[in-house]
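What follows is work.csv (CSV, C-alpha atoms).
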chain,number,residue,atom,x,y,z
Q,1,MET,CA,102.8,70.3,118.1
Q,2,ARG,CA,102.1,70.6,114.4
Q,3,VAL,CA,99.0,72.7,114.0
Q,4,GLY,CA,97.1,72.9,110.7
Q,5,LEU,CA,95.7,76.2,109.7
Q,6,PHE,CA,92.6,76.2,107.4
Q,7,PHE,CA,91.7,79.7,106.2
Q,8,GLY,CA,88.5,80.6,104.3
Q,9,SER,CA,85.4,82.7,104.2
Q,10,PHE,CA,83.1,79.8,105.3
Q,11,ASP,CA,80.1,81.6,103.9
Q,12,PRO,CA,78.6,79.1,104.7
Q,13,PRO,CA,80.9,76.3,105.9
Q,14,HIS,CA,79.9,72.9,104.4
Q,15,ILE,CA,80.8,69.2,104.1
Q,16,GLY,CA,83.5,69.9,101.6
Q,17,HIS,CA,85.3,72.0,104.2
Q,18,VAL,CA,84.8,69.2,106.7
Q,19,ASN,CA,86.3,66.8,104.2
Q,20,VAL,CA,89.5,68.9,103.9
Q,21,VAL,CA,89.8,69.3,107.7
Q,22,MET,CA,89.3,65.6,108.5
Q,23,GLY,CA,91.7,64.7,105.7
Q,24,ALA,CA,94.3,66.8,107.4
Q,25,ILE,CA,93.5,65.2,110.8
Q,26,ASN,CA,93.5,61.7,109.4
Q,27,SER,CA,96.8,62.2,107.6
Q,28,SER,CA,98.6,62.4,111.0
Q,29,GLN,CA,100.6,65.3,109.5
Q,30,VAL,CA,99.0,67.7,112.1
Q,31,GLY,CA,98.0,67.1,115.7
Q,32,ARG,CA,95.1,69.6,115.5
Q,33,VAL,CA,93.5,72.1,113.1
Q,34,LEU,CA,92.6,75.7,113.6
Q,35,VAL,CA,89.7,76.8,111.3
Q,36,ILE,CA,90.2,80.5,110.6
Q,37,PRO,CA,87.2,82.4,109.1
Q,38,ALA,CA,88.3,85.6,107.4
Q,39,TYR,CA,87.1,88.7,109.1
Q,40,GLN,CA,86.7,90.2,105.6
Q,41,ASN,CA,87.9,88.3,102.7
Q,42,LEU,CA,90.4,90.3,100.6
Q,43,TRP,CA,89.1,88.7,97.4
Q,44,LYS,CA,85.4,88.7,98.0
Q,45,GLU,CA,83.0,91.5,98.7
Q,46,ASN,CA,79.6,91.3,100.3
Q,47,SER,CA,80.4,88.4,102.6
Q,48,SER,CA,78.0,87.7,105.5
Q,49,LYS,CA,78.9,89.3,108.8
Q,50,PHE,CA,81.9,87.8,110.5
Q,51,SER,CA,79.8,87.0,113.6
Q,52,TYR,CA,77.5,84.9,111.4
Q,53,ARG,CA,80.3,83.0,109.6
Q,54,TYR,CA,82.1,82.4,112.9
Q,55,ALA,CA,79.0,81.0,114.5
Q,56,MET,CA,78.2,78.8,111.6
Q,57,SER,CA,81.9,77.6,111.5
Q,58,CYS,CA,81.6,76.7,115.2
Q,59,MET,CA,78.5,74.7,114.4
Q,60,GLN,CA,80.0,73.0,111.4
Q,61,PHE,CA,83.4,72.1,112.9
Q,62,GLY,CA,82.7,72.2,116.6
Q,63,THR,CA,82.2,68.5,117.2
Q,64,LEU,CA,85.1,67.3,115.1
Q,65,PRO,CA,88.0,65.8,117.1
Q,66,PHE,CA,91.2,68.0,117.4
Q,67,VAL,CA,89.5,70.9,115.6
Q,68,HIS,CA,89.0,74.4,116.9
Q,69,VAL,CA,87.5,77.5,115.3
Q,70,SER,CA,89.6,80.6,115.8
Q,71,ASP,CA,88.5,84.3,115.8
Q,72,VAL,CA,92.0,85.6,115.5
Q,73,GLU,CA,91.1,87.7,112.5
Q,74,LYS,CA,88.4,89.5,114.6
Q,75,ASP,CA,91.2,90.4,117.1
Q,76,LEU,CA,93.3,91.9,114.2
Q,77,ALA,CA,90.5,93.8,112.5
Q,78,GLY,CA,90.6,97.6,112.5
Q,79,PRO,CA,91.3,100.7,110.4
Q,80,ALA,CA,94.7,99.3,109.3
Q,81,TYR,CA,92.9,96.6,107.3
Q,82,PRO,CA,89.7,98.1,105.8
Q,83,ARG,CA,89.5,95.6,103.0
Q,84,GLY,CA,90.6,92.5,104.9
Q,85,ILE,CA,93.5,91.1,106.8
Q,86,PRO,CA,96.4,89.7,104.7
Q,87,THR,CA,97.1,86.0,105.5
Q,88,TYR,CA,100.7,86.9,106.2
Q,89,VAL,CA,99.6,89.2,109.0
Q,90,VAL,CA,97.4,86.5,110.5
Q,91,LEU,CA,100.3,83.9,110.2
Q,92,GLU,CA,102.7,86.3,112.0
Q,93,GLU,CA,100.1,86.9,114.8
Q,94,LEU,CA,99.6,83.1,115.2
Q,95,ARG,CA,103.3,82.5,115.2
Q,96,SER,CA,103.7,85.0,118.1
Q,97,ARG,CA,100.8,83.4,120.0
Q,98,MET,CA,101.9,79.9,119.5
Q,99,PRO,CA,105.7,80.0,119.5
Q,100,GLU,CA,106.1,76.3,120.5
Q,101,ASP,CA,103.9,75.0,117.7
Q,102,GLU,CA,104.9,74.3,114.1
Q,103,LEU,CA,102.3,76.0,111.9
Q,104,VAL,CA,101.2,74.1,108.7
Q,105,ILE,CA,98.9,75.8,106.2
Q,106,ILE,CA,96.2,73.5,104.9
Q,107,THR,CA,95.4,74.2,101.3
Q,108,THR,CA,94.1,72.8,98.1
Q,109,PRO,CA,95.8,72.8,94.7
Q,110,GLU,CA,93.5,75.6,93.5
Q,111,THR,CA,94.4,77.9,96.5
Q,112,TYR,CA,98.1,77.0,96.5
Q,113,LYS,CA,98.6,78.2,93.0
Q,114,ASP,CA,97.2,81.6,94.0
Q,115,ILE,CA,99.5,82.2,97.0
Q,116,PRO,CA,102.2,84.1,94.9
Q,117,GLU,CA,99.5,86.8,94.4
Q,118,TRP,CA,98.9,87.3,98.1
Q,119,HIS,CA,100.6,89.9,100.2
Q,120,LYS,CA,104.1,88.5,100.9
Q,121,GLY,CA,103.0,85.3,99.1
Q,122,SER,CA,106.6,84.4,98.2
Q,123,VAL,CA,107.6,84.7,101.9
Q,124,ILE,CA,104.6,82.5,102.9
Q,125,LEU,CA,105.6,79.9,100.3
Q,126,TYR,CA,109.2,79.8,101.6
Q,127,ASP,CA,108.7,80.2,105.4
Q,128,TYR,CA,105.8,77.8,106.0
Q,129,LYS,CA,105.0,74.1,105.5
Q,130,PHE,CA,101.9,73.1,103.6
Q,131,LEU,CA,99.5,70.2,103.7
Q,132,MET,CA,97.8,70.1,100.3
Q,133,VAL,CA,94.5,68.2,100.4
Q,134,VAL,CA,93.7,66.8,97.0
Q,135,SER,CA,90.2,65.5,96.2
Q,136,GLY,CA,89.9,64.4,92.6
Q,137,GLU,CA,92.1,67.1,91.1
Q,138,GLU,CA,95.3,66.2,89.5
Q,139,THR,CA,98.2,66.7,92.0
Q,140,PRO,CA,100.5,69.5,90.8
Q,141,HIS,CA,103.9,68.3,89.7
Q,142,ASP,CA,107.3,69.4,91.1
Q,143,LEU,CA,106.0,70.5,94.5
Q,144,PRO,CA,108.7,71.8,96.9
Q,145,GLU,CA,109.8,69.7,99.9
Q,146,ASN,CA,107.7,71.9,102.3
Q,147,VAL,CA,104.4,70.6,100.7
Q,148,HIS,CA,103.0,67.3,101.8
Q,149,VAL,CA,100.0,65.9,99.8
Q,150,VAL,CA,97.1,64.0,101.3
Q,151,TYR,CA,94.2,62.6,99.3
Q,152,VAL,CA,90.5,62.7,100.4
Q,153,PRO,CA,87.3,61.5,98.7
Q,154,GLN,CA,85.9,64.0,96.1
Q,155,ILE,CA,83.0,66.0,97.3
Q,156,THR,CA,81.8,68.5,94.7
Q,157,ILE,CA,80.1,71.4,96.6
Q,158,CYS,CA,81.0,75.1,97.2
Q,159,SER,CA,79.6,77.9,99.4
Q,160,THR,CA,78.4,79.7,96.3
Q,161,CYS,CA,76.3,76.7,95.3
Q,162,ILE,CA,74.8,76.5,98.7
Q,163,ARG,CA,74.0,80.2,98.7
Q,164,ASN,CA,72.3,79.8,95.3
Q,165,ARG,CA,70.3,76.8,96.6
Q,166,VAL,CA,69.1,78.9,99.5
Q,167,LYS,CA,68.0,81.7,97.1
Q,168,LEU,CA,66.1,79.2,95.0
Q,169,GLY,CA,64.4,77.7,98.0
Q,170,VAL,CA,66.1,74.3,97.5
Q,171,TYR,CA,67.2,72.0,100.3
Q,172,ILE,CA,70.8,72.4,101.4
Q,173,GLN,CA,71.0,69.0,103.2
Q,174,PRO,CA,73.3,67.1,103.4
Q,175,PHE,CA,75.9,69.8,102.6
Q,176,VAL,CA,75.6,71.6,105.9
Q,177,ARG,CA,74.8,70.5,109.4
Q,178,ASP,CA,71.2,70.9,110.6
Q,179,THR,CA,72.3,73.6,113.0
Q,180,VAL,CA,73.9,75.6,110.2
Q,181,GLU,CA,70.8,75.2,108.1
Q,182,ALA,CA,68.6,76.4,111.0
Q,183,PHE,CA,71.0,79.4,111.5
Q,184,ILE,CA,70.7,80.3,107.8
Q,185,ASP,CA,66.9,80.1,108.1
Q,186,GLN,CA,66.8,82.1,111.4
Q,187,TYR,CA,68.8,85.0,110.1
Q,188,ARG,CA,67.5,84.8,106.5
Q,189,LEU,CA,71.0,84.6,105.0
Q,190,TYR,CA,71.5,84.3,101.3
Q,191,VAL,CA,67.8,85.1,100.4
This entry written out as structure tokens:
Amino acid sequence: MRVGLFFGSFDPPHIGHVNVVMGAINSSQVGRVLVIPAYQNLWKENSSKFSYRYAMSCMQFGTLPFVHVSDVEKDLAGPAYPRGIPTYVVLEELRSRMPEDELVIITTPETYKDIPEWHKGSVILYDYKFLMVVSGEETPHDLPENVHVVYVPQITICSTCIRNRVKLGVYIQPFVRDTVEAFIDQYRLYV
């Protein structure tokens, strides 16, 4: 089966993330999607605890068809990766756990252009297939054959915007599920 892999901090997960995941499912390019919260994002400091982001991801994505939230990065965490686990390491782990599946990285144009800067980014670009989800951005030109493009409606929201809204005491509906909002309130995240 073709399995889409959607990586991110998900701090918090929101409707924009759901839009990407459902775009992947609706494209019929993948049979299911694994949402993979970063244990510690290599590019971002001061993320919420993994257990919080994992729990919110389960709430945000848990009812979607053919979508599962994976804690694979928790399994890989340890002294070898004090700043975060490189995506390449996670991909290799998933490849060993799912040898019968074809792994497809779900990405956006913005993230795709950054992959060459990742640990073994050129290997990732060569060895894996990609499903690029485009929502209002201009599609990059001259994409290689291992990149399939799917279009979704444009939803302009980001996790930083939601965190800022929480700090300001502004409603974060409809950008997150009620359960995610209650979780943020309960644990006083982002205040």
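Between atom CA of Q:Ile105 and atom CA of Q:Thr179 lies a distance of 27.5 Å.
For the atom pair formed by atom CA of Q:Asp114 and atom CA of Q:Lys129, the distance is 15.8 Å, given to one decimal.
Summary of the local environment: counting all atoms listed in the file, residues at most 9 Å from Q:His148, other than itself and those fewer than 5 positions away along its chain, are Gln29, Lys129, Phe130, Leu131, Met132, Val133 and Leu143 of chain Q.
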Problem set entry | Q:Gly136, Q:Pro12, Q:Pro37, Q:Pro144 ranked by distance to Q:Val72, top pick (using only C-alpha atoms) |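 Smallest distance to Q:Val72 is found for Q:Pro37.
Proximity of Q:His14, Q:Arg188, Q:Lys74, Q:Lys167 to Q:Ile155, computed with all atoms listed in the file, is greatest for Q:His14.
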For this session: Counting all atoms listed in the file, figure out which residue out of Q:Ile15, Q:Ile106, Q:Ile36, Q:Ile85 gets nearest to Q:Phe175.
Result: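 Closest to Q:Phe175, using all atoms listed in the file: Q:Ile15.
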Close residues, Q:His17 itself excluded, 10 Å, all atoms listed in the file, min 3 positions apart in chain, as a tab-separated table (two decimals) with C-alpha atoms, keeping the file's coordinate frame:
chain	number	residue	atom	x	y	z
Q	6	PHE	CA	92.60	76.20	107.40
Q	8	GLY	CA	88.50	80.60	104.30
Q	10	PHE	CA	83.10	79.80	105.30
Q	12	PRO	CA	78.60	79.10	104.70
Q	13	PRO	CA	80.90	76.30	105.90
Q	14	HIS	CA	79.90	72.90	104.40
Q	20	VAL	CA	89.50	68.90	103.90
Q	21	VAL	CA	89.80	69.30	107.70
Q	22	MET	CA	89.30	65.60	108.50
Q	23	GLY	CA	91.70	64.70	105.70
Q	35	VAL	CA	89.70	76.80	111.30
Q	57	SER	CA	81.90	77.60	111.50
Q	60	GLN	CA	80.00	73.00	111.40
Q	61	PHE	CA	83.40	72.10	112.90
Q	155	ILE	CA	83.00	66.00	97.30
Q	157	ILE	CA	80.10	71.40	96.60
Q	158	CYS	CA	81.00	75.10	97.20
Q	159	SER	CA	79.60	77.90	99.40
Q	175	PHE	CA	75.90	69.80	102.60
Q	176	VAL	CA	75.60	71.60	105.90
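Distance annotation: of Q:Ser9, Q:Thr160, Q:Ser135, Q:Asn19, the residue with the minimal separation from Q:Arg53 is Q:Ser9; atom set is all atoms listed in the file.
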For this session: For Q:His68, please output as a list in words all residues within 8 Å (counting all atoms listed in the file; exclusion window: fewer than 2 positions along the same chain).
Result: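 The neighbour list is Arg32, Val33, Leu34, Val35, Cys58, Phe61, Gly62, Phe66 and Ser70 of chain Q.
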For this session: Record the distance separating atom CA of Q:Pro116 and atom CA of Q:Thr139, expressed in Å with one decimal.
Result: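 For atom CA of Q:Pro116 relative to atom CA of Q:Thr139, the distance reads 18.1 Å.
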Problem set entry | Top pick for closest residue to Q:Leu125, considering Q:Glu110, Q:Ala182, Q:Tyr88, Q:Val152 and counting only C-alpha atoms |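 For Q:Leu125, the nearest of the given residues is Q:Tyr88.
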